[in-house]
Protein chains: 2
Amino acid sequence: MKVKIKDIANMTGVSIATVSMVINDKADRISPKTREKVLKAVEETGYVPNRVASSMVTKRTKTIGLIIPDIVNPFFPEIARGVEDRAKKDGFAVILCNSDNDMNKEEYYLDLLQEKMVDGIVFTVSSVRTEFSDSFKKVGVPLITVDRDISNIDNYAKIVVDNEQASYEAVSYMISRGLKKIAHMSGPSTSLTARHRFQGYKRALEEHGIEFDSSLICEGFYNTSSGYDCMSKFLKSGIDFDSVFCGNDMIAAGVIKALHHNDYKIPEDCSVVGFDDVEIAELIIPELTTVRQPKYDMGYKAAELLIDMINNKDASKKECTTP
Amino acid sequence: MKVKIKDIANMTGVSIATVSMVINDKADRISPKTREKVLKAVEETGYVPNRVASSMVTKRTKTIGLIIPDIVNPFFPEIARGVEDRAKKDGFAVILCNSDNDMNKEEYYLDLLQEKMVDGIVFTVSSVRTEFSDSFKKVGVPLITVDRDISNIDNYAKIVVDNEQASYEAVSYMISRGLKKIAHMSGPSTSLTARHRFQGYKRALEEHGIEFDSSLICEGFYNTSSGYDCMSKFLKSGIDFDSVFCGNDMIAAGVIKALHHNDYKIPEDCSVVGFDDVEIAELIIPELTTVRQPKYDMGYKAAELLIDMINNKDASKKECTTP
DNA sequence: GTGAAAGCGCTAACAG
DNA sequence: CTGTTAGCGCTTTCAC
């Protein structure tokens, strides 16, 4: 039989209240002697406090829920890690939920987490969802969204990543390095991300007095073959460029491949800058410079804000942009 | 104020015992009429049962812990996903813990999970650990290890991956495709994984009547530059080979790069086969054929076995090899 | 079919 | 400083 607080109390000849206090370090009012005695008994018996029972009375489970689309998608592990690290700092555990961008699963987990009485929820919004369903609005615990797509969901605390700004900075950097004819191979303009990255590109050109040239733009998809095709087309048509700013690393990989096949040297003949969805990319392709996305920070900050909301109910509905 | 079982009971004019039964579908002995009435009240009030309270009496939290070194390491997300999917199937939630291969963190989480009264633990053993510490042995709940390195930890239920066999099959396949001079560029022989993969390579050759040729072996590290260096050396020294079996995908990426630089065509001039630690690799490098590791299945099976152990206390100490 | 009552293991006043 | 006591919200016999 598992040993419980009562056993420790009996063993040491004190009350369970006293034992509870030393276990929870509310020892301000406990004599060192009793404290030692209790601690020793705990040690000897291997007593493990039952936090489920504590939760019953404290109404705190010290657990938060994390709902993401899919931990296998390389975008999310870092977010998850950020959340977990911050949670751990305050003694919170994290329940991991993969929603697959499926509304039903999202609701399933929202329910599950609430039944488990989590203290709060970090929710990574999929790029598909554009608004909260009813069951969302009914969530009775602090909830914060981590939004990689700056969607139009409001009225919730959220962490957003500013793709426009990140893109702007990357292109500005390229300009500062003397590049002038910067092509842009983007993801589909149906994607908010792609649009924001494009806007950042454009703004950087404008603010540095470089005229925007639509012939340097190639819209495709977020994959390697798209990058390959765009670059092949450019090479064939003889368009003049000295560098490429790519919508993501997959595109960049395709671009690099096409350049290789045409005996271009990188970065001597053409610089390639990608956008980081995937950590591993640059390991495999050292020619690639990439814009790091603050995924870890997004998770970390989300958890931080959430814990804040858990501790002061008033802290809700904040917004926070990374980096 | 949150609505609780008592409120539902009052609203419907039945006892809390009855409400409890309909909520938990122990409705064999409940009249359909009462059932409907209760369900309706639940619906109207948005009542969410407090599973923490249930856990108090049932002694089951329907939660399992998952300890892995680091979710950011591309090896683990799939394992985690496998665990989560299987757990979900039986209504279990998963608490995610990143240990960073740090014994202290491992113990911290082992403790945390037990305090949270998880029903069981899936533990992914780091390649460093060679034995269980005391606190390990004291774990009072079912525990199963997922072991990618076939280490010498015994006396626990575990899932292992058979690198030797996977390697054997890959090389056999290469041989069946007519390849005869298969070079092997391996990870460091200090790694169990590397040794097992090497053994599989060797066995495949032997069983297919191909003589082992140590000059076709190049030992390095599990990274790109190692692959690049090995291949460069081979090309310089004029060693005759028609293909390369690589210890992992990083090595393979380096090999491919070196071949490219020397105007070899893949797979016409030389086939390259990698070993899959990283899903993304083949997206970026389509020339690469790779041995898939059953990471997802490992996680899935681990959770399955664990749930089995949770349900029948006798099912422990099984072993199970994937694939 | 349904209800009453006894806890599950712990915390938090309040007394002493 | 320490003990007593009243629950936390639910499940589960055992009566009715």
# chains A, B, ... in the order shown; residues from 1 in each chain; ligands from 1
call {"tool": "closest_atom_pairs", "arguments": {"of": "range 55-138 of chain B", "to": "range 11-16 of chain D", "cutoff": "10 Å", "atoms": "only C-alpha atoms (C1' of nucleotides)", "output": "Markdown table"}}
result
| residue | atom | partner | partner_atom | distance |
| --- | --- | --- | --- | --- |
| B:Ser55 | CA | D:DT11 | C1' | 9.3 |
| B:Met56 | CA | D:DT11 | C1' | 9.0 |
| B:Val57 | CA | D:DT11 | C1' | 6.1 |
| B:Thr58 | CA | D:DT11 | C1' | 7.1 |
call {"tool": "calpha_fit_and_write", "arguments": {"fixed": "chain B", "moving": "chain A", "output": "short mmCIF file (atom, residue, chain, number, x, y, z; two decimals) with C-alpha atoms, in the first residue's frame"}}
result
data_model
loop_
_atom_site.label_atom_id
_atom_site.label_comp_id
_atom_site.auth_asym_id
_atom_site.auth_seq_id
_atom_site.Cartn_x
_atom_site.Cartn_y
_atom_site.Cartn_z
CA MET A 1 -19.32 29.57 -9.75
CA LYS A 2 -18.61 26.42 -11.67
CA VAL A 3 -21.48 23.99 -11.86
CA LYS A 4 -20.92 20.61 -10.30
CA ILE A 5 -22.59 17.28 -10.11
CA LYS A 6 -24.69 18.32 -7.17
CA ASP A 7 -26.19 21.19 -9.12
CA ILE A 8 -27.20 18.88 -11.89
CA ALA A 9 -28.72 16.55 -9.34
CA ASN A 10 -30.74 19.36 -7.77
CA MET A 11 -31.88 20.71 -11.12
CA THR A 12 -33.15 17.37 -12.29
CA GLY A 13 -34.42 16.14 -8.96
CA VAL A 14 -32.33 13.00 -8.95
CA SER A 15 -29.41 12.00 -6.76
CA ILE A 16 -25.81 12.75 -7.54
CA ALA A 17 -25.17 9.03 -7.81
CA THR A 18 -27.57 8.87 -10.70
CA VAL A 19 -26.00 11.84 -12.39
CA SER A 20 -22.59 10.27 -11.99
CA MET A 21 -23.79 7.12 -13.65
CA VAL A 22 -25.24 8.76 -16.70
CA ILE A 23 -22.15 10.91 -17.11
CA ASN A 24 -19.93 7.87 -17.03
CA ASP A 25 -22.18 5.88 -19.27
CA LYS A 26 -22.86 3.29 -16.64
CA ALA A 27 -26.35 3.75 -17.85
CA ASP A 28 -27.27 0.09 -17.86
CA ARG A 29 -29.37 0.75 -14.86
CA ILE A 30 -30.72 4.16 -15.63
CA SER A 31 -34.08 4.78 -17.22
CA PRO A 32 -33.90 6.55 -20.55
CA LYS A 33 -36.11 9.25 -19.19
CA THR A 34 -33.81 10.15 -16.32
CA ARG A 35 -30.89 9.88 -18.66
CA GLU A 36 -32.32 12.40 -21.07
CA LYS A 37 -33.25 14.73 -18.29
CA VAL A 38 -29.76 14.68 -16.87
CA LEU A 39 -28.08 15.03 -20.23
CA LYS A 40 -30.23 18.01 -20.99
CA ALA A 41 -29.25 19.69 -17.75
CA VAL A 42 -25.61 18.98 -18.46
CA GLU A 43 -25.99 20.53 -21.87
CA GLU A 44 -27.78 23.59 -20.60
CA THR A 45 -25.43 24.34 -17.79
CA GLY A 46 -22.28 23.49 -19.67
CA TYR A 47 -21.35 21.20 -16.85
CA VAL A 48 -17.84 19.77 -17.08
CA PRO A 49 -17.11 16.81 -14.82
CA ASN A 50 -14.13 17.29 -12.56
CA ARG A 51 -11.89 14.37 -13.39
CA VAL A 52 -9.53 15.31 -10.65
CA ALA A 53 -12.22 14.45 -8.20
CA SER A 54 -12.99 11.20 -10.01
CA SER A 55 -9.34 10.30 -9.95
CA MET A 56 -9.35 10.64 -6.21
CA VAL A 57 -11.72 7.79 -5.88
CA THR A 58 -10.94 5.69 -8.94
CA LYS A 59 -7.20 5.93 -8.44
CA ARG A 60 -6.77 6.42 -12.14
CA THR A 61 -5.85 9.72 -13.74
CA LYS A 62 -6.06 8.57 -17.35
CA THR A 63 -2.81 10.35 -17.91
CA ILE A 64 0.57 9.01 -18.88
CA GLY A 65 3.95 10.67 -18.77
CA LEU A 66 6.35 10.81 -21.70
CA ILE A 67 9.98 11.52 -20.97
CA ILE A 68 12.19 12.14 -23.97
CA PRO A 69 15.53 13.88 -24.27
CA ASP A 70 14.36 16.79 -26.40
CA ILE A 71 11.31 17.27 -28.57
CA VAL A 72 13.36 19.62 -30.77
CA ASN A 73 15.65 16.79 -31.78
CA PRO A 74 14.06 15.52 -34.99
CA PHE A 75 14.15 11.98 -33.75
CA PHE A 76 11.49 12.47 -31.12
CA PRO A 77 8.44 14.25 -32.46
CA GLU A 78 7.30 11.15 -34.27
CA ILE A 79 7.75 9.00 -31.23
CA ALA A 80 5.77 11.53 -29.25
CA ARG A 81 3.08 11.56 -31.86
CA GLY A 82 2.85 7.78 -31.82
CA VAL A 83 2.48 7.81 -28.08
CA GLU A 84 -0.10 10.54 -28.17
CA ASP A 85 -2.20 8.91 -30.85
CA ARG A 86 -2.32 5.59 -29.06
CA ALA A 87 -3.01 7.27 -25.74
CA LYS A 88 -5.85 9.29 -27.19
CA LYS A 89 -7.48 6.13 -28.46
CA ASP A 90 -8.04 5.07 -24.87
CA GLY A 91 -8.78 8.53 -23.57
CA PHE A 92 -5.40 9.07 -21.99
CA ALA A 93 -3.67 12.43 -21.94
CA VAL A 94 0.09 12.74 -22.28
CA ILE A 95 2.36 14.90 -20.18
CA LEU A 96 5.45 15.86 -22.15
CA CYS A 97 8.81 16.04 -20.40
CA ASN A 98 12.14 17.02 -21.95
CA SER A 99 15.04 15.58 -20.02
CA ASP A 100 17.97 16.81 -22.13
CA ASN A 101 19.62 13.53 -21.24
CA ASP A 102 20.17 15.04 -17.86
CA MET A 103 19.85 12.61 -14.99
CA ASN A 104 18.65 15.31 -12.64
CA LYS A 105 15.88 16.33 -14.96
CA GLU A 106 14.95 12.73 -15.45
CA GLU A 107 14.55 12.29 -11.74
CA TYR A 108 12.71 15.56 -11.43
CA TYR A 109 10.18 14.41 -13.96
CA LEU A 110 9.93 10.92 -12.61
CA ASP A 111 8.98 12.52 -9.32
CA LEU A 112 6.65 15.05 -10.85
CA LEU A 113 4.83 12.41 -12.83
CA GLN A 114 4.35 10.25 -9.81
CA GLU A 115 3.06 13.13 -7.74
CA LYS A 116 0.63 13.81 -10.52
CA MET A 117 -0.40 10.20 -10.20
CA VAL A 118 0.07 9.32 -13.83
CA ASP A 119 -1.04 5.82 -14.66
CA GLY A 120 2.20 4.97 -16.43
CA ILE A 121 5.35 6.35 -18.00
CA VAL A 122 6.98 6.04 -21.41
CA PHE A 123 10.64 6.71 -21.09
CA THR A 124 12.88 7.23 -24.08
CA VAL A 125 16.31 6.23 -23.03
CA SER A 126 19.13 8.46 -24.06
CA SER A 127 22.08 6.87 -25.72
CA VAL A 128 24.22 7.94 -22.79
CA ARG A 129 22.50 6.19 -19.98
CA THR A 130 23.63 2.66 -19.39
CA GLU A 131 21.76 1.79 -16.27
CA PHE A 132 18.92 2.82 -14.11
CA SER A 133 19.54 4.84 -11.03
CA ASP A 134 17.85 4.00 -7.77
CA SER A 135 15.08 6.48 -8.14
CA PHE A 136 14.22 4.68 -11.32
CA LYS A 137 13.73 1.45 -9.61
CA LYS A 138 11.40 3.04 -7.14
CA VAL A 139 8.91 4.12 -9.74
CA GLY A 140 5.59 2.81 -8.55
CA VAL A 141 3.73 2.82 -11.85
CA PRO A 142 4.12 0.82 -15.04
CA LEU A 143 7.08 2.11 -16.99
CA ILE A 144 8.22 1.22 -20.46
CA THR A 145 11.42 2.27 -22.13
CA VAL A 146 11.76 3.14 -25.78
CA ASP A 147 15.28 2.42 -26.70
CA ARG A 148 16.78 3.47 -29.95
CA ASP A 149 20.16 2.18 -29.04
CA ILE A 150 19.57 -1.33 -27.79
CA SER A 151 21.41 -0.58 -24.62
CA ASN A 152 21.90 -2.97 -21.79
CA ILE A 153 19.08 -1.88 -19.59
CA ASP A 154 16.98 -4.83 -18.71
CA ASN A 155 14.23 -5.77 -16.35
CA TYR A 156 11.84 -3.30 -17.83
CA ALA A 157 9.29 -3.58 -20.52
CA LYS A 158 10.82 -2.03 -23.56
CA ILE A 159 10.52 -1.24 -27.21
CA VAL A 160 13.71 -1.55 -29.15
CA VAL A 161 14.56 -0.79 -32.74
CA ASP A 162 16.65 -3.32 -34.52
CA ASN A 163 19.26 -1.29 -36.35
CA GLU A 164 21.19 -4.34 -37.37
CA GLN A 165 18.22 -5.82 -39.11
CA ALA A 166 17.13 -2.59 -40.76
CA SER A 167 20.64 -2.09 -42.01
CA TYR A 168 20.81 -5.66 -43.21
CA GLU A 169 17.63 -5.23 -45.18
CA ALA A 170 18.71 -2.00 -46.78
CA VAL A 171 21.99 -3.41 -47.96
CA SER A 172 20.33 -6.61 -49.13
CA TYR A 173 18.02 -4.48 -51.18
CA MET A 174 20.95 -2.65 -52.70
CA ILE A 175 22.57 -5.96 -53.61
CA SER A 176 19.34 -7.16 -55.16
CA ARG A 177 19.42 -4.10 -57.38
CA GLY A 178 22.70 -5.25 -58.79
CA LEU A 179 25.05 -3.14 -56.70
CA LYS A 180 28.23 -4.94 -55.82
CA LYS A 181 30.78 -2.51 -54.51
CA ILE A 182 28.90 -0.96 -51.69
CA ALA A 183 30.92 1.44 -49.59
CA HIS A 184 29.86 2.11 -46.03
CA MET A 185 30.34 5.46 -44.39
CA SER A 186 29.44 5.04 -40.78
CA GLY A 187 29.05 6.99 -37.60
CA PRO A 188 31.59 6.63 -34.82
CA SER A 189 32.15 3.08 -33.65
CA THR A 190 31.66 4.32 -30.11
CA SER A 191 28.00 4.54 -30.95
CA LEU A 192 26.00 1.37 -30.55
CA THR A 193 23.79 2.45 -33.39
CA ALA A 194 26.77 2.77 -35.68
CA ARG A 195 28.07 -0.62 -34.70
CA HIS A 196 24.75 -2.29 -35.27
CA ARG A 197 24.31 -0.67 -38.63
CA PHE A 198 27.77 -1.75 -39.60
CA GLN A 199 27.06 -5.31 -38.51
CA GLY A 200 23.89 -5.37 -40.59
CA TYR A 201 25.87 -4.14 -43.57
CA LYS A 202 28.45 -6.84 -43.11
CA ARG A 203 25.92 -9.60 -42.64
CA ALA A 204 24.11 -8.61 -45.80
CA LEU A 205 27.32 -8.84 -47.78
CA GLU A 206 28.21 -12.19 -46.31
CA GLU A 207 24.84 -13.73 -46.83
CA HIS A 208 24.85 -12.66 -50.44
CA GLY A 209 28.31 -13.98 -51.09
CA ILE A 210 30.03 -10.64 -51.43
CA GLU A 211 33.37 -10.44 -49.79
CA PHE A 212 33.77 -7.78 -47.16
CA ASP A 213 36.35 -5.22 -48.17
CA SER A 214 37.59 -3.00 -45.40
CA SER A 215 38.89 -0.43 -47.84
CA LEU A 216 35.25 0.36 -48.63
CA ILE A 217 34.64 1.42 -45.05
CA CYS A 218 35.01 4.93 -43.78
CA GLU A 219 34.23 5.71 -40.18
CA GLY A 220 33.35 9.24 -39.24
CA PHE A 221 30.71 11.15 -37.36
CA TYR A 222 27.01 11.57 -37.85
CA ASN A 223 27.31 14.81 -39.74
CA THR A 224 27.48 16.24 -43.20
CA SER A 225 31.11 17.22 -43.26
CA SER A 226 32.09 13.74 -42.23
CA GLY A 227 30.24 12.32 -45.22
CA TYR A 228 31.78 14.93 -47.46
CA ASP A 229 35.28 14.16 -46.26
CA CYS A 230 34.91 10.41 -46.56
CA MET A 231 33.62 10.65 -50.07
CA SER A 232 36.29 13.16 -51.09
CA LYS A 233 38.94 10.81 -49.79
CA PHE A 234 37.47 7.92 -51.73
CA LEU A 235 37.31 9.91 -54.92
CA LYS A 236 40.85 11.09 -54.56
CA SER A 237 42.25 7.66 -53.82
CA GLY A 238 40.49 6.12 -56.78
CA ILE A 239 38.75 3.40 -54.80
CA ASP A 240 36.28 1.51 -56.92
CA PHE A 241 32.67 1.59 -55.69
CA ASP A 242 29.23 1.78 -57.22
CA SER A 243 27.20 2.86 -54.22
CA VAL A 244 27.33 4.06 -50.65
CA PHE A 245 25.39 2.94 -47.64
CA CYS A 246 25.52 5.77 -45.14
CA GLY A 247 25.20 5.60 -41.37
CA ASN A 248 22.62 8.36 -41.38
CA ASP A 249 21.14 11.05 -43.56
CA MET A 250 23.58 13.73 -42.56
CA ILE A 251 26.46 11.64 -43.77
CA ALA A 252 24.50 10.90 -46.91
CA ALA A 253 23.95 14.59 -47.54
CA GLY A 254 27.70 15.17 -47.34
CA VAL A 255 28.36 12.26 -49.65
CA ILE A 256 25.92 13.60 -52.18
CA LYS A 257 27.48 17.01 -52.03
CA ALA A 258 30.96 15.60 -52.66
CA LEU A 259 29.66 13.54 -55.56
CA HIS A 260 27.98 16.61 -57.05
CA HIS A 261 31.15 18.61 -56.81
CA ASN A 262 32.91 15.91 -58.76
CA ASP A 263 30.22 15.74 -61.41
CA TYR A 264 28.92 12.35 -60.45
CA LYS A 265 25.31 11.72 -61.28
CA ILE A 266 23.13 10.12 -58.66
CA PRO A 267 22.05 7.39 -58.87
CA GLU A 268 23.47 6.68 -62.34
CA ASP A 269 27.12 6.88 -61.34
CA CYS A 270 26.67 6.06 -57.71
CA SER A 271 23.68 5.16 -55.56
CA VAL A 272 23.39 6.69 -52.14
CA VAL A 273 21.36 5.20 -49.34
CA GLY A 274 20.97 6.96 -46.01
CA PHE A 275 19.55 6.12 -42.66
CA ASP A 276 16.62 8.10 -41.56
CA ASP A 277 16.94 10.13 -38.45
CA VAL A 278 15.27 13.08 -40.02
CA GLU A 279 12.12 13.07 -42.05
CA ILE A 280 12.84 16.27 -43.86
CA ALA A 281 16.08 15.13 -45.43
CA GLU A 282 14.63 13.43 -48.43
CA LEU A 283 12.41 16.36 -49.19
CA ILE A 284 15.43 18.51 -49.63
CA ILE A 285 17.57 15.88 -51.29
CA PRO A 286 15.44 13.83 -53.64
CA GLU A 287 18.42 11.81 -54.83
CA LEU A 288 18.56 10.24 -51.44
CA THR A 289 17.07 6.87 -50.71
CA THR A 290 16.75 6.32 -47.04
CA VAL A 291 15.98 3.63 -44.51
CA ARG A 292 12.95 4.70 -42.63
CA GLN A 293 13.03 4.23 -38.93
CA PRO A 294 9.74 3.23 -37.39
CA LYS A 295 9.76 6.06 -34.93
CA TYR A 296 6.04 6.59 -34.98
CA ASP A 297 5.44 2.90 -34.50
CA MET A 298 7.87 2.77 -31.64
CA GLY A 299 5.90 5.42 -29.83
CA TYR A 300 2.59 3.88 -30.72
CA LYS A 301 3.60 0.42 -29.59
CA ALA A 302 5.16 1.75 -26.42
CA ALA A 303 1.92 3.45 -25.47
CA GLU A 304 -0.01 0.34 -26.38
CA LEU A 305 2.12 -1.90 -24.24
CA LEU A 306 1.99 0.61 -21.44
CA ILE A 307 -1.76 0.81 -21.49
CA ASP A 308 -1.79 -2.94 -21.44
CA MET A 309 0.37 -2.91 -18.36
CA ILE A 310 -1.88 -0.36 -16.76
CA ASN A 311 -4.89 -2.54 -17.33
CA ASN A 312 -3.36 -5.87 -16.39
CA LYS A 313 -0.64 -5.60 -13.89
CA ASP A 314 0.76 -8.89 -15.10
CA ALA A 315 1.63 -7.74 -18.60
CA SER A 316 4.90 -6.16 -17.55
CA LYS A 317 8.43 -6.92 -18.60
CA LYS A 318 7.59 -7.64 -22.14
CA GLU A 319 9.90 -6.79 -24.93
CA CYS A 320 8.94 -5.80 -28.36
CA THR A 321 11.05 -5.09 -31.39
CA THR A 322 10.11 -2.84 -34.25
CA PRO A 323 9.60 -3.05 -37.07
#
call {"tool": "closest_atom_pairs", "arguments": {"of": "chain D", "to": "chain B", "cutoff": "8 Å", "atoms": "only C-alpha atoms (C1' of nucleotides)", "output": "CSV"}}
result
residue,atom,partner,partner_atom,distance
D:DC8,C1',B:Ala53,CA,7.9
D:DG9,C1',B:Ala53,CA,5.1
D:DC10,C1',B:Ser54,CA,4.9
D:DT11,C1',B:Val57,CA,6.1
call {"tool": "write_last_selection", "arguments": {"atoms": "N, CA and C atoms (P, O5', C5', C4', C3', O3' and C1' of nucleotides)", "output": "JSON list (two decimals), in the first residue's frame"}}
result
[["chain", "number", "residue", "atom", "x", "y", "z"],
["D", 8, "DC", "P", -17.23, 21.80, -0.23],
["D", 8, "DC", "O5'", -16.09, 21.71, -1.32],
["D", 8, "DC", "C5'", -14.92, 22.48, -1.33],
["D", 8, "DC", "C4'", -13.96, 21.87, -2.34],
["D", 8, "DC", "C3'", -14.66, 21.01, -3.39],
["D", 8, "DC", "O3'", -14.69, 21.75, -4.62],
["D", 8, "DC", "C1'", -12.78, 19.84, -2.37],
["D", 9, "DG", "P", -16.09, 22.01, -5.37],
["D", 9, "DG", "O5'", -16.32, 20.66, -6.16],
["D", 9, "DG", "C5'", -15.39, 20.27, -7.16],
["D", 9, "DG", "C4'", -15.64, 18.82, -7.50],
["D", 9, "DG", "C3'", -17.07, 18.48, -7.89],
["D", 9, "DG", "O3'", -17.01, 17.85, -9.16],
["D", 9, "DG", "C1'", -16.28, 16.98, -6.25],
["D", 10, "DC", "P", -18.22, 17.15, -9.85],
["D", 10, "DC", "O5'", -17.92, 15.65, -9.45],
["D", 10, "DC", "C5'", -16.84, 14.99, -10.06],
["D", 10, "DC", "C4'", -16.51, 13.72, -9.32],
["D", 10, "DC", "C3'", -17.49, 12.58, -9.56],
["D", 10, "DC", "O3'", -16.93, 11.68, -10.52],
["D", 10, "DC", "C1'", -16.83, 12.77, -7.26],
["D", 11, "DT", "P", -17.78, 10.52, -11.10],
["D", 11, "DT", "O5'", -17.51, 9.35, -10.04],
["D", 11, "DT", "C5'", -16.21, 8.77, -10.00],
["D", 11, "DT", "C4'", -16.18, 7.67, -8.97],
["D", 11, "DT", "C3'", -17.03, 6.45, -9.30],
["D", 11, "DT", "O3'", -16.24, 5.32, -8.92],
["D", 11, "DT", "C1'", -17.66, 7.29, -7.20]]
call {"tool": "atom_distance", "arguments": {"atom1": "C1' of DG7 in chain D", "atom2": "C1' of DA4 in chain C"}}
result
17.9 Å
call {"tool": "select_by_dssp", "arguments": {"residues": "range 65-214 of chain A", "states": "alpha helix (DSSP H)", "output": "ChimeraX atom specification"}}
result
/A:76-89,103-115,134-137,163-176,192-207
call {"tool": "interface_residues", "arguments": {"of": "chain C", "to": "chain A", "cutoff": "9 Å", "atoms": "only C-alpha atoms (C1' of nucleotides)", "output": "list of chain:residue names"}}
result
C:DC8, C:DG9, C:DC10, C:DT11, C:DA12
